[in-house]
$ cat start14.cif   # mmCIF, C-alpha atoms (C1' of nucleotides)
data_coords
#
loop_
_atom_site.label_atom_id
_atom_site.label_comp_id
_atom_site.auth_asym_id
_atom_site.auth_seq_id
_atom_site.Cartn_x
_atom_site.Cartn_y
_atom_site.Cartn_z
CA MET A 293 9.57 -21.68 -0.19
CA ARG A 294 11.42 -24.95 -0.47
CA ALA A 295 10.71 -26.60 -3.81
CA PRO A 296 12.50 -29.90 -4.15
CA PRO A 297 12.31 -31.63 -7.50
CA GLY A 298 9.08 -33.50 -7.92
CA ALA A 299 7.56 -31.75 -4.96
CA GLU A 300 3.87 -31.43 -4.44
CA PRO A 301 2.09 -28.82 -6.57
CA PRO A 302 1.60 -25.33 -5.17
CA ALA A 303 -0.64 -24.96 -2.21
CA LEU A 304 -4.20 -25.89 -2.95
CA ALA A 305 -5.31 -25.48 0.61
CA PRO A 306 -5.53 -22.18 2.44
CA ALA A 307 -2.16 -21.36 3.94
CA ALA A 308 -1.07 -18.83 6.50
CA ALA A 309 1.83 -17.63 4.38
CA THR A 310 -0.44 -16.90 1.46
CA ALA A 311 -2.86 -15.00 3.68
CA ARG A 312 -0.04 -12.92 5.10
CA ALA A 313 1.34 -12.17 1.66
CA LEU A 314 -2.00 -11.04 0.28
CA LEU A 315 -2.83 -8.89 3.30
CA ALA A 316 0.61 -7.29 3.20
CA TRP A 317 0.15 -6.49 -0.46
CA TYR A 318 -3.32 -5.06 0.18
CA THR A 319 -2.06 -2.88 3.01
CA HIS A 320 0.70 -1.55 0.82
CA ALA A 321 -0.89 -1.41 -2.63
CA GLY A 322 -4.63 -1.37 -2.07
CA ARG A 323 -6.49 1.63 -3.37
CA ARG A 324 -7.67 4.10 -0.80
CA LEU A 325 -11.39 4.44 -1.31
CA PRO A 326 -13.53 6.90 0.62
CA TRP A 327 -15.82 4.21 2.00
CA ARG A 328 -12.97 1.84 2.77
CA ALA A 329 -11.29 1.62 6.16
CA VAL A 330 -7.54 1.91 6.45
CA PRO A 331 -6.22 -1.66 6.45
CA GLY A 332 -5.77 -2.82 10.00
CA GLY A 333 -7.60 0.24 11.27
CA PRO A 334 -10.97 0.71 12.95
CA LEU A 335 -14.16 -0.50 11.29
CA PRO A 336 -15.85 1.91 8.88
CA ASP A 337 -19.32 3.40 9.16
CA PRO A 338 -21.83 0.65 8.30
CA TYR A 339 -24.14 3.04 6.50
CA GLY A 340 -21.38 4.26 4.21
CA VAL A 341 -20.34 0.69 3.53
CA LEU A 342 -23.92 -0.26 2.79
CA VAL A 343 -24.36 2.56 0.30
CA SER A 344 -21.10 1.67 -1.39
CA GLU A 345 -22.02 -2.00 -1.62
CA PHE A 346 -25.35 -1.24 -3.25
CA MET A 347 -23.72 1.06 -5.76
CA LEU A 348 -20.96 -1.44 -6.46
CA GLN A 349 -23.29 -4.28 -7.42
CA GLN A 350 -22.38 -4.98 -11.03
CA THR A 351 -20.61 -1.63 -11.17
CA ARG A 352 -16.91 -0.77 -11.17
CA VAL A 353 -15.20 1.08 -8.37
CA GLU A 354 -14.27 4.11 -10.45
CA THR A 355 -17.88 4.55 -11.53
CA VAL A 356 -19.03 4.73 -7.92
CA ARG A 357 -16.61 7.25 -6.41
CA ALA A 358 -18.44 10.46 -7.32
CA PRO A 359 -22.02 9.22 -6.87
CA TRP A 360 -21.12 7.81 -3.47
CA ALA A 361 -19.73 11.14 -2.28
CA ARG A 362 -22.78 13.02 -3.53
CA TRP A 363 -25.09 10.53 -1.88
CA MET A 364 -23.34 10.68 1.47
CA ALA A 365 -23.37 14.47 1.43
CA ARG A 366 -27.10 14.54 0.83
CA TRP A 367 -28.19 11.59 2.99
CA PRO A 368 -25.46 10.90 5.55
CA ASP A 369 -27.39 8.36 7.60
CA PHE A 370 -30.30 5.96 7.62
CA SER A 371 -32.83 8.42 8.99
CA SER A 372 -32.16 11.11 6.40
CA LEU A 373 -32.43 8.56 3.64
CA ALA A 374 -35.59 7.09 5.13
CA ASN A 375 -37.16 10.55 5.10
CA ALA A 376 -36.28 11.21 1.48
CA THR A 377 -38.88 10.67 -1.23
CA LEU A 378 -38.50 7.78 -3.62
CA ASP A 379 -38.47 10.23 -6.50
CA ALA A 380 -35.51 12.04 -5.03
CA VAL A 381 -33.72 8.77 -4.40
CA LEU A 382 -34.25 7.56 -7.93
CA ALA A 383 -33.13 10.88 -9.35
CA GLN A 384 -29.98 10.76 -7.26
CA TRP A 385 -29.30 7.31 -8.66
CA THR A 386 -29.42 8.59 -12.21
CA GLY A 387 -26.73 7.13 -14.39
CA LEU A 388 -25.85 4.21 -12.15
CA GLY A 389 -28.32 1.81 -13.73
CA TYR A 390 -30.13 -1.11 -12.14
CA TYR A 391 -32.54 1.24 -10.45
CA ALA A 392 -34.08 -1.51 -8.36
CA ARG A 393 -31.00 -1.06 -6.19
CA ALA A 394 -32.09 2.45 -5.32
CA ARG A 395 -35.60 1.32 -4.45
CA HIS A 396 -34.20 -1.46 -2.27
CA LEU A 397 -31.80 0.89 -0.52
CA HIS A 398 -34.56 3.38 0.19
CA ARG A 399 -36.86 0.71 1.52
CA LEU A 400 -34.03 -0.79 3.53
CA ALA A 401 -33.38 2.54 5.24
CA GLN A 402 -37.03 2.87 6.16
CA THR A 403 -37.06 -0.69 7.53
CA VAL A 404 -33.91 -0.07 9.57
CA VAL A 405 -35.41 3.08 11.09
CA ARG A 406 -38.75 1.48 11.80
CA ASP A 407 -37.68 -1.98 12.97
CA HIS A 408 -34.06 -1.71 14.08
CA GLY A 409 -33.74 1.62 15.84
CA GLY A 410 -31.87 3.23 13.00
CA ALA A 411 -28.90 0.88 13.07
CA LEU A 412 -28.08 -1.95 10.71
CA PRO A 413 -28.84 -5.26 12.46
CA ARG A 414 -25.92 -7.56 13.07
CA ALA A 415 -27.72 -10.88 13.17
CA GLN A 416 -27.44 -12.70 9.90
CA ALA A 417 -31.12 -13.61 9.75
CA ALA A 418 -32.20 -10.02 10.27
CA LEU A 419 -29.67 -8.84 7.71
CA ALA A 420 -30.80 -11.37 5.13
CA ALA A 421 -34.40 -10.26 5.54
CA LEU A 422 -33.62 -6.74 4.38
CA PRO A 423 -34.38 -5.83 0.77
CA GLY A 424 -31.57 -6.03 -1.73
CA LEU A 425 -29.21 -8.01 0.49
CA GLY A 426 -28.16 -11.17 -1.30
CA PRO A 427 -25.37 -13.56 -0.32
CA TYR A 428 -22.56 -11.32 -1.50
CA THR A 429 -23.74 -8.13 0.18
CA GLN A 430 -24.51 -9.95 3.40
CA GLY A 431 -20.96 -11.24 3.48
CA ALA A 432 -19.60 -7.80 2.71
CA LEU A 433 -21.52 -6.11 5.50
CA ARG A 434 -20.74 -8.77 8.05
CA SER A 435 -17.03 -8.83 7.31
CA VAL A 436 -16.30 -5.25 6.28
CA ALA A 437 -18.69 -3.33 8.50
CA PHE A 438 -18.89 -5.66 11.50
CA GLY A 439 -15.58 -7.49 11.42
CA GLU A 440 -17.16 -10.92 11.48
CA PRO A 441 -15.45 -13.87 9.75
CA ALA A 442 -17.96 -14.10 6.92
CA ALA A 443 -16.97 -15.19 3.45
CA LEU A 444 -18.07 -13.49 0.27
CA VAL A 445 -17.82 -14.19 -3.44
CA ASP A 446 -18.20 -11.59 -6.15
CA GLY A 447 -17.00 -11.69 -9.72
CA ASN A 448 -13.45 -10.85 -8.68
CA VAL A 449 -13.23 -13.44 -5.92
CA ALA A 450 -14.72 -16.10 -8.16
CA ARG A 451 -12.07 -15.45 -10.79
CA VAL A 452 -9.20 -15.36 -8.27
CA LEU A 453 -10.26 -18.58 -6.59
CA ALA A 454 -10.92 -20.27 -9.91
CA ARG A 455 -7.29 -19.62 -10.81
CA TRP A 456 -5.81 -20.42 -7.41
CA HIS A 457 -7.59 -23.75 -7.30
CA ALA A 458 -7.71 -24.36 -11.05
CA VAL A 459 -11.44 -24.86 -10.98
CA GLN A 460 -12.42 -26.49 -14.23
CA VAL A 461 -16.08 -25.58 -14.34
CA ASP A 462 -17.97 -22.33 -14.63
CA VAL A 463 -17.75 -20.65 -11.24
CA ARG A 464 -20.79 -18.48 -11.86
CA GLN A 465 -23.34 -21.22 -11.54
CA GLY A 466 -24.12 -24.65 -10.22
CA ALA A 467 -21.36 -26.79 -8.78
CA GLY A 468 -18.65 -24.31 -9.68
CA ARG A 469 -20.41 -21.57 -7.79
CA ARG A 470 -20.79 -23.77 -4.74
CA ALA A 471 -17.15 -24.82 -4.96
CA VAL A 472 -15.94 -21.23 -4.98
CA TRP A 473 -18.11 -20.31 -2.04
CA ALA A 474 -16.73 -23.31 -0.16
CA ALA A 475 -13.19 -22.24 -0.99
CA ALA A 476 -13.87 -18.70 0.18
CA GLN A 477 -15.35 -20.06 3.38
CA ALA A 478 -12.32 -22.31 3.92
CA TRP A 479 -10.07 -19.27 4.08
CA MET A 480 -11.99 -18.14 7.12
CA ASP A 481 -10.41 -21.07 8.97
CA VAL A 482 -7.00 -19.47 8.51
CA PRO A 483 -6.42 -17.23 11.53
CA GLU A 484 -4.37 -14.73 9.53
CA ALA A 485 -7.39 -14.14 7.29
CA SER A 486 -10.20 -14.38 9.81
CA ALA A 487 -8.46 -11.97 12.16
CA HIS A 488 -9.13 -9.23 9.61
CA PRO A 489 -12.08 -10.51 7.61
CA GLY A 490 -12.94 -7.17 6.05
CA ASP A 491 -9.40 -6.55 4.92
CA TRP A 492 -9.09 -10.12 3.73
CA ASN A 493 -12.21 -10.03 1.60
CA GLN A 494 -11.37 -6.63 0.17
CA ALA A 495 -7.85 -7.82 -0.55
CA LEU A 496 -9.24 -10.71 -2.57
CA MET A 497 -11.48 -8.37 -4.52
CA GLU A 498 -8.71 -5.84 -4.98
CA LEU A 499 -6.42 -8.51 -6.34
CA GLY A 500 -9.07 -9.56 -8.84
CA ALA A 501 -9.74 -6.00 -9.84
CA VAL A 502 -6.17 -4.83 -10.47
CA VAL A 503 -3.89 -7.89 -10.83
CA CYS A 504 -5.84 -11.07 -11.44
CA VAL A 505 -7.86 -9.43 -14.17
CA PRO A 506 -9.94 -11.33 -16.70
CA GLY A 507 -8.13 -10.85 -19.97
CA ALA A 508 -4.41 -10.77 -19.23
CA PRO A 509 -3.60 -11.43 -15.58
CA ARG A 510 -0.47 -9.65 -14.37
CA CYS A 511 1.07 -12.62 -12.63
CA GLY A 512 4.41 -10.85 -12.45
CA ALA A 513 2.85 -8.36 -10.05
CA CYS A 514 0.87 -10.90 -8.08
CA PRO A 515 1.83 -11.28 -4.42
CA VAL A 516 0.47 -14.81 -4.25
CA ALA A 517 1.48 -16.22 -7.62
CA ALA A 518 3.46 -18.91 -5.80
CA ALA A 519 0.21 -20.29 -4.43
CA CYS A 520 -1.64 -20.24 -7.72
CA ARG A 521 -2.23 -23.57 -9.37
CA ALA A 522 -3.30 -22.04 -12.67
CA HIS A 523 -0.05 -20.06 -12.83
CA ALA A 524 2.04 -23.07 -11.88
CA GLU A 525 0.45 -25.05 -14.68
CA GLY A 526 0.72 -22.18 -17.14
CA ARG A 527 -3.01 -22.08 -17.58
CA GLU A 528 -3.82 -18.67 -16.14
CA LEU A 529 -5.06 -17.61 -19.55
CA ASP A 530 -7.42 -20.58 -19.74
CA LEU A 531 -9.06 -19.93 -16.38
CA PRO A 532 -11.65 -19.28 -15.31
CA VAL A 533 -13.32 -21.43 -17.92
CA ARG A 534 -15.66 -19.35 -19.99
CA VAL A 535 -18.83 -21.17 -20.67
CA ARG A 536 -19.87 -19.90 -24.02
CA PRO A 537 -23.60 -19.57 -23.84
CA PRO A 538 -25.27 -22.11 -26.10
CA ALA A 539 -25.95 -20.88 -29.59
CA PRO A 540 -29.47 -19.58 -29.91
CA ARG A 541 -31.93 -22.27 -30.88
CA VAL A 542 -33.13 -21.79 -34.41
CA VAL A 543 -36.86 -21.25 -34.69
CA ALA A 544 -38.61 -21.30 -38.05
CA ALA A 545 -41.50 -18.88 -38.16
CA CYS A 546 -43.94 -17.64 -40.74
CA TYR A 547 -45.86 -14.39 -40.55
CA ALA A 548 -48.49 -12.69 -42.66
CA VAL A 549 -48.76 -8.92 -42.93
CA LEU A 550 -52.35 -8.16 -43.83
CA THR A 551 -53.09 -4.64 -44.89
CA ARG A 552 -56.06 -2.61 -45.92
CA THR A 553 -56.50 0.92 -47.16
CA VAL A 554 -58.76 3.23 -45.25
CA ALA A 555 -60.34 6.06 -47.14
CA THR A 556 -59.49 9.48 -45.82
CA ALA A 557 -60.47 13.04 -46.59
CA ASP A 558 -57.31 13.25 -48.58
CA ALA A 559 -58.86 11.17 -51.28
CA ASP A 560 -55.75 10.58 -53.31
CA SER A 561 -54.05 8.10 -51.09
CA GLY A 562 -55.83 6.34 -48.28
CA ASP A 563 -54.05 5.41 -45.07
CA GLN A 564 -52.62 1.95 -44.79
CA GLU A 565 -53.58 -0.16 -41.82
CA VAL A 566 -52.11 -3.44 -40.69
CA LEU A 567 -53.77 -6.27 -38.80
CA VAL A 568 -52.09 -7.16 -35.52
CA GLY A 569 -52.86 -9.69 -32.83
CA GLN A 570 -52.03 -9.58 -29.16
CA ARG A 571 -49.96 -12.42 -27.79
CA PRO A 572 -51.01 -14.15 -24.58
CA ALA A 573 -49.98 -12.75 -21.21
CA GLN A 574 -47.48 -15.53 -20.67
CA GLY A 575 -44.41 -16.39 -22.65
CA ARG A 576 -42.22 -14.54 -25.06
CA TRP A 577 -43.39 -11.08 -26.05
CA ALA A 578 -46.21 -11.47 -23.53
CA GLY A 579 -49.01 -9.03 -24.19
CA LEU A 580 -47.28 -7.48 -27.19
CA TRP A 581 -48.83 -7.08 -30.61
CA GLU A 582 -47.58 -8.42 -33.90
CA PRO A 583 -48.83 -9.39 -37.33
CA PRO A 584 -50.34 -12.89 -37.24
CA GLY A 585 -47.87 -15.71 -37.47
CA CYS A 586 -46.82 -19.02 -36.09
CA GLU A 587 -43.63 -20.87 -35.40
CA GLY A 588 -42.33 -24.37 -35.68
CA PRO A 589 -41.22 -26.69 -38.48
CA ASP A 590 -44.67 -26.61 -40.04
CA ALA A 591 -45.16 -22.89 -39.61
CA HIS A 592 -45.42 -22.27 -43.33
CA ASP A 593 -48.13 -24.86 -43.89
CA ARG A 594 -50.15 -23.83 -40.87
CA LEU A 595 -50.04 -20.17 -41.73
CA HIS A 596 -51.06 -20.74 -45.32
CA ALA A 597 -53.87 -23.03 -44.29
CA TRP A 598 -55.07 -20.26 -42.01
CA LEU A 599 -54.72 -17.69 -44.79
CA GLY A 600 -56.80 -19.83 -47.10
CA ALA A 601 -59.50 -20.33 -44.51
CA ALA A 602 -59.56 -16.61 -43.88
CA GLY A 603 -60.03 -15.85 -47.53
CA CYS A 604 -56.72 -14.09 -47.94
CA ASP A 605 -56.00 -15.11 -51.47
CA SER A 606 -52.70 -15.31 -53.31
CA PRO A 607 -50.31 -14.13 -50.67
CA ARG A 608 -47.16 -12.47 -51.92
CA ALA A 609 -43.78 -13.47 -50.56
CA LEU A 610 -42.02 -10.65 -48.74
CA GLY A 611 -38.80 -12.50 -48.30
CA SER A 612 -37.11 -13.59 -45.13
CA LEU A 613 -35.51 -11.99 -42.12
CA VAL A 614 -33.52 -13.18 -39.14
CA HIS A 615 -34.33 -11.95 -35.68
CA VAL A 616 -31.91 -12.88 -32.88
CA LEU A 617 -32.85 -12.98 -29.23
CA THR A 618 -30.69 -14.10 -26.35
CA HIS A 619 -31.79 -17.71 -26.59
CA ARG A 620 -33.56 -17.90 -29.93
CA ARG A 621 -32.72 -17.22 -33.51
CA TYR A 622 -35.92 -16.59 -35.44
CA GLU A 623 -35.70 -17.30 -39.15
CA VAL A 624 -38.84 -15.73 -40.44
CA GLN A 625 -40.65 -15.91 -43.75
CA GLY A 626 -42.91 -12.96 -44.37
CA TRP A 627 -45.99 -12.90 -46.55
CA ALA A 628 -48.26 -10.07 -47.59
CA ALA A 629 -51.91 -10.41 -48.43
CA ALA A 630 -55.11 -8.46 -48.65
CA ALA A 631 -57.36 -8.88 -45.70
CA GLY A 632 -60.13 -11.40 -45.67
CA SER A 633 -62.25 -12.36 -42.70
CA ALA A 634 -59.31 -13.07 -40.51
CA ASP A 635 -59.84 -14.46 -37.02
CA LEU A 636 -56.59 -14.43 -35.11
CA ALA A 637 -57.87 -16.48 -32.20
CA CYS A 638 -57.19 -19.58 -34.29
CA LEU A 639 -53.49 -18.69 -34.14
CA GLY A 640 -53.49 -18.22 -30.38
CA TYR A 641 -53.86 -14.47 -30.18
CA VAL A 642 -56.05 -13.07 -27.44
CA ALA A 643 -57.12 -9.92 -29.25
CA GLN A 644 -56.81 -8.33 -32.66
CA ARG A 645 -57.16 -4.91 -34.23
CA TRP A 646 -56.26 -2.83 -37.20
CA MET A 647 -53.47 -0.37 -36.62
CA PRO A 648 -52.24 2.43 -38.85
CA VAL A 649 -48.87 1.49 -40.27
CA ALA A 650 -47.26 4.68 -39.02
CA ALA A 651 -48.50 3.97 -35.50
CA ALA A 652 -47.33 0.38 -35.63
CA LEU A 653 -43.81 1.55 -36.35
CA GLY A 654 -43.78 3.93 -33.37
CA ILE A 655 -42.29 2.97 -30.07
CA THR A 656 -45.56 3.22 -28.17
CA ALA A 657 -47.54 0.86 -30.34
CA GLY A 658 -46.77 -2.20 -28.26
CA LEU A 659 -45.41 -4.23 -31.12
CA SER A 660 -42.47 -6.50 -30.55
CA LYS A 661 -39.35 -5.54 -32.41
CA LEU A 662 -39.92 -8.50 -34.69
CA GLY A 663 -43.46 -7.31 -35.35
CA GLN A 664 -42.17 -3.90 -36.30
CA ARG A 665 -39.59 -5.37 -38.61
CA LEU A 666 -42.29 -7.35 -40.38
CA VAL A 667 -44.44 -4.26 -40.86
CA GLU A 668 -41.41 -2.43 -42.18
CA LEU A 669 -40.75 -5.29 -44.56
CA ALA A 670 -44.24 -5.05 -45.96
CA ALA A 671 -44.23 -1.27 -46.06
CA ALA A 672 -40.93 -1.02 -47.89
CA PRO A 673 -41.61 0.12 -51.44
CA ALA A 674 -39.04 -2.13 -53.01
CA PRO A 675 -35.72 -3.63 -52.13
CA SER A 676 -33.27 -0.83 -52.73
CA PRO A 677 -30.09 -1.73 -54.60
CA ARG A 678 -28.02 -0.59 -51.64
CA PRO A 679 -29.46 -1.45 -48.24
CA ALA A 680 -28.48 0.77 -45.34
CA ARG A 681 -26.38 -1.89 -43.71
CA ALA A 682 -25.69 -5.51 -44.30
CA ARG A 683 -26.87 -6.37 -40.83
CA ALA A 684 -28.69 -9.46 -41.98
CA THR A 685 -25.58 -11.06 -43.39
CA PRO A 686 -22.89 -10.80 -40.74
CA ALA A 687 -21.36 -13.99 -42.02
CA GLU A 688 -19.98 -12.20 -45.04
CA LYS A 689 -17.68 -10.21 -42.86
CA GLY A 690 -15.11 -12.92 -42.30
"C1'" DA B 13 -32.11 -23.01 -13.24
"C1'" DA B 14 -33.39 -19.06 -16.19
"C1'" DT B 15 -34.38 -14.24 -16.93
"C1'" DG B 16 -34.58 -9.31 -16.55
"C1'" DC B 17 -32.45 -5.36 -15.11
"C1'" DG B 18 -28.33 -0.15 -17.09
"C1'" DG B 19 -24.66 1.73 -18.07
"C1'" DG B 20 -19.84 2.11 -18.74
"C1'" DG B 21 -15.02 0.67 -19.48
"C1'" DG B 22 -11.47 -2.37 -21.49
"C1'" DT B 23 -9.70 -5.07 -25.33
"C1'" DA C 251 -18.19 -6.36 -31.35
"C1'" DC C 252 -17.85 -8.60 -27.40
"C1'" DC C 253 -16.69 -9.27 -22.36
"C1'" DC C 254 -17.10 -8.02 -17.79
"C1'" DC C 255 -18.28 -5.48 -13.79
"C1'" DA C 256 -17.93 -5.50 -5.23
"C1'" DG C 257 -25.68 -9.05 -7.73
"C1'" DC C 258 -30.46 -9.44 -6.69
"C1'" DA C 259 -35.33 -10.57 -7.24
"C1'" DT C 260 -38.62 -13.12 -9.56
"C1'" DT C 261 -40.47 -17.05 -11.89
#
$ encode --input "start14.cif" --output "structure tokens"
Amino acid sequence: MRAPPGAEPPALAPAAATARALLAWYTHAGRRLPWRAVPGGPLPDPYGVLVSEFMLQQTRVETVRAPWARWMARWPDFSSLANATLDAVLAQWTGLGYYARARHLHRLAQTVVRDHGGALPRAQAALAALPGLGPYTQGALRSVAFGEPAALVDGNVARVLARWHAVQVDVRQGAGRRAVWAAAQAWMDVPEASAHPGDWNQALMELGAVVCVPGAPRCGACPVAAACRAHAEGRELDLPVRVRPPAPRVVAACYAVLTRTVATADADSGDQEVLVGQRPAQGRWAGLWEPPGCEGPDAHDRLHAWLGAAGCDSPRALGSLVHVLTHRRYEVQGWAAAAGSADLACLGYVAQRWMPVAAALGITAGLSKLGQRLVELAAAPAPSPRPARARATPAEKG
DNA sequence: AATGCGGGGGT
DNA sequence: ACCCCAGCATT
């Protein structure tokens, strides 16, 4: 721990002392989890590890404890799981989310029984061919269950390594992702780490989960703070770099809500119907229905040209609304008109039909959320003096 | 390289 | 209200 003035910055390369310090901390302070082996002890049951790893994908440790115990009590091995029905498996997964994981796990068990004699294969190629086993889970099984010197990177490891090495780019994608995987792999060249690969990898994840946490890392409690470049440079709060997703692209759109009144036995007030078109099978809102509209800078002109050609005279402005998706911000002008001889194919729709307004607002109608909002806009009797919530004007908040 | 996929906890 | 979480499959 010699630190002469002007000495080189803290270790950027894997170092035996750092590996020893982290493993010692993990042995002493690591949580005892039911699927986790005692540090330094014999390897755990691969099936139990596999189940835990599937449940832990994008899910916190504390969320998994109880479901894992229930699962292991019901299906303690590959053959019992392989013999279970998919319905039972999915029901047992209830509440964990990402249900594709349960389907993969079930299918994996059946594959292991059928093709691998009921035991998880050790060869990397065979492992990678199993459903639901991506790079992270492969590394976890190889190191934790089989004791092989395989690296892994999850969200915790990516954050820890981003701080240790002061990685300046987003470690979740592209070059940053590759850099973090390379760094994780480099640690497997340190004998202190590769001698206990399962403990080493779990120690890295444990550190990220309880010390090197995202918001306010507890560097005072970190066993390897001396090796951390971000800490040495006082930038632990700035790393890992958070790539703010680009602001949604603004899309101008113009829609027309065409309605007609259908006579009913209840002669007083006929039922209102709205004209909707079905979007193509590809692209945004594929196959969903919506009132006719178009998008783009010239959306207003194109829509009104279409309205005129369709004989929908004197459209009435409904006002505007903003609809935000992950990557798009739709700024929509709505218009109401009486129906003419409207052909929606000209606007790119693959089908069209009249739909009762009440049905269009239901969840089973197949309208996009934007389509429903437009129908609501047209169906609203009048702008009330006090809207339910000022959702459309979040900017006023500040 | 994007996108969809659940649900819950922390700040 | 975000942000993040022991990710993976699909396009």
$ axis_aligned_box --input "start14.cif" --around "chain C" --padding-each-side "3 Å" --output "lines of an AutoDock Vina configuration file"
center_x = -28.6
center_y = -11.3
center_z = -18.3
size_x = 29.8
size_y = 17.6
size_z = 32.1
$ interface_residues --input "start14.cif" --of "chain A" --to "chain B" --cutoff "9 Å" --atoms "only C-alpha atoms (C1' of nucleotides)" --output "PyMOL selection string"
chain A and resi 351-352+355+387-392+466+507
$ interface_residues --input "start14.cif" --of "chain C" --to "chain A" --cutoff "7 Å" --atoms "all atoms listed in the file" --output "PDB file with C-alpha atoms (C1' of nucleotides), keeping the file's coordinate frame"
ATOM      1  C1'  DC C 255     -18.280  -5.480 -13.790  1.00  0.00           C
ATOM      2  C1'  DA C 256     -17.930  -5.500  -5.230  1.00  0.00           C
ATOM      3  C1'  DG C 257     -25.680  -9.050  -7.730  1.00  0.00           C
ATOM      4  C1'  DC C 258     -30.460  -9.440  -6.690  1.00  0.00           C
TER       5       DC C 258
END
$ atom_distance --input "start14.cif" --atom1 "CA of Glu623 (chain A)" --atom2 "CA of Leu659 (chain A)"
18.2 Å
$ resolve_selection --input "start14.cif" --expression "the PyMOL selection byres ((chain A and resi 584) around 9)" --output "short mmCIF file (atom, residue, chain, number, x, y, z; two decimals) with C-alpha atoms, keeping the file's coordinate frame"
data_model
loop_
_atom_site.label_atom_id
_atom_site.label_comp_id
_atom_site.auth_asym_id
_atom_site.auth_seq_id
_atom_site.Cartn_x
_atom_site.Cartn_y
_atom_site.Cartn_z
CA CYS A 546 -43.94 -17.64 -40.74
CA TYR A 547 -45.86 -14.39 -40.55
CA ALA A 548 -48.49 -12.69 -42.66
CA VAL A 549 -48.76 -8.92 -42.93
CA LEU A 550 -52.35 -8.16 -43.83
CA LEU A 567 -53.77 -6.27 -38.80
CA VAL A 568 -52.09 -7.16 -35.52
CA GLY A 569 -52.86 -9.69 -32.83
CA GLN A 570 -52.03 -9.58 -29.16
CA TRP A 581 -48.83 -7.08 -30.61
CA GLU A 582 -47.58 -8.42 -33.90
CA PRO A 583 -48.83 -9.39 -37.33
CA GLY A 585 -47.87 -15.71 -37.47
CA CYS A 586 -46.82 -19.02 -36.09
CA LEU A 595 -50.04 -20.17 -41.73
CA LEU A 636 -56.59 -14.43 -35.11
CA LEU A 639 -53.49 -18.69 -34.14
CA TYR A 641 -53.86 -14.47 -30.18
#
$ atom_distance --input "start14.cif" --atom1 "CA of Glu565 (chain A)" --atom2 "CA of Thr553 (chain A)"
6.2 Å
$ closest_residue --input "start14.cif" --among "A:His615, A:Ala609, A:Arg534, A:Gly632" --to "DC253 (chain C)" --atoms "only C-alpha atoms (C1' of nucleotides)"
A:Arg534
$ atom_distance --input "start14.cif" --atom1 "CA of Tyr318 (chain A)" --atom2 "CA of Cys504 (chain A)"
13.3 Å
$ decode --input "start14.cif" --residues "region 253-261 of chain C" --atoms "N, CA, C and O atoms (P, O5', C5', C4', C3', O3' and C1' of nucleotides)" --output "short mmCIF file (atom, residue, chain, number, x, y, z; two decimals), in the first residue's frame"
data_model
loop_
_atom_site.label_atom_id
_atom_site.label_comp_id
_atom_site.auth_asym_id
_atom_site.auth_seq_id
_atom_site.Cartn_x
_atom_site.Cartn_y
_atom_site.Cartn_z
P DC C 253 -34.63 8.52 -15.48
"O5'" DC C 253 -33.98 7.37 -14.59
"C5'" DC C 253 -33.45 7.72 -13.33
"C4'" DC C 253 -33.08 6.47 -12.59
"C3'" DC C 253 -32.51 5.38 -13.50
"O3'" DC C 253 -31.22 5.03 -13.05
"C1'" DC C 253 -34.20 4.51 -12.06
P DC C 254 -30.28 4.14 -13.99
"O5'" DC C 254 -30.45 2.71 -13.31
"C5'" DC C 254 -30.28 2.59 -11.91
"C4'" DC C 254 -30.83 1.27 -11.47
"C3'" DC C 254 -30.43 0.11 -12.39
"O3'" DC C 254 -29.50 -0.72 -11.72
"C1'" DC C 254 -32.73 0.01 -11.70
P DC C 255 -28.85 -1.94 -12.45
"O5'" DC C 255 -29.69 -3.12 -11.79
"C5'" DC C 255 -29.83 -3.15 -10.38
"C4'" DC C 255 -30.86 -4.19 -10.01
"C3'" DC C 255 -30.59 -5.55 -10.63
"O3'" DC C 255 -30.73 -6.55 -9.63
"C1'" DC C 255 -32.80 -4.84 -11.11
P DA C 256 -29.28 -6.83 -8.77
"O5'" DA C 256 -28.57 -8.08 -9.41
"C5'" DA C 256 -29.24 -9.14 -9.89
"C4'" DA C 256 -28.53 -9.64 -11.14
"C3'" DA C 256 -29.49 -10.41 -12.02
"O3'" DA C 256 -29.04 -10.32 -13.36
"C1'" DA C 256 -27.92 -11.88 -11.07
P DG C 257 -29.58 -9.20 -14.32
"O5'" DG C 257 -30.11 -10.11 -15.53
"C5'" DG C 257 -29.20 -10.45 -16.58
"C4'" DG C 257 -29.88 -11.47 -17.43
"C3'" DG C 257 -29.14 -11.83 -18.70
"O3'" DG C 257 -29.36 -13.21 -18.93
"C1'" DG C 257 -31.18 -10.78 -19.26
P DC C 258 -28.68 -13.87 -20.22
"O5'" DC C 258 -29.95 -14.00 -21.17
"C5'" DC C 258 -31.11 -14.66 -20.69
"C4'" DC C 258 -32.18 -14.67 -21.77
"C3'" DC C 258 -31.65 -15.06 -23.16
"O3'" DC C 258 -32.38 -16.17 -23.62
"C1'" DC C 258 -32.92 -13.05 -23.25
P DA C 259 -32.04 -16.79 -25.04
"O5'" DA C 259 -33.19 -16.18 -25.95
"C5'" DA C 259 -34.53 -16.27 -25.50
"C4'" DA C 259 -35.47 -15.66 -26.50
"C3'" DA C 259 -35.21 -16.05 -27.96
"O3'" DA C 259 -36.44 -16.32 -28.59
"C1'" DA C 259 -35.12 -13.69 -27.73
P DT C 260 -36.50 -16.73 -30.11
"O5'" DT C 260 -36.87 -15.37 -30.85
"C5'" DT C 260 -37.95 -14.59 -30.36
"C4'" DT C 260 -38.06 -13.30 -31.15
"C3'" DT C 260 -37.85 -13.46 -32.66
"O3'" DT C 260 -38.93 -12.86 -33.32
"C1'" DT C 260 -36.52 -11.71 -31.83
P DT C 261 -39.19 -13.09 -34.88
"O5'" DT C 261 -38.72 -11.74 -35.56
"C5'" DT C 261 -39.28 -10.52 -35.13
"C4'" DT C 261 -38.45 -9.36 -35.65
"C3'" DT C 261 -37.98 -9.55 -37.09
"O3'" DT C 261 -38.74 -8.71 -37.95
"C1'" DT C 261 -36.27 -8.65 -35.68
#
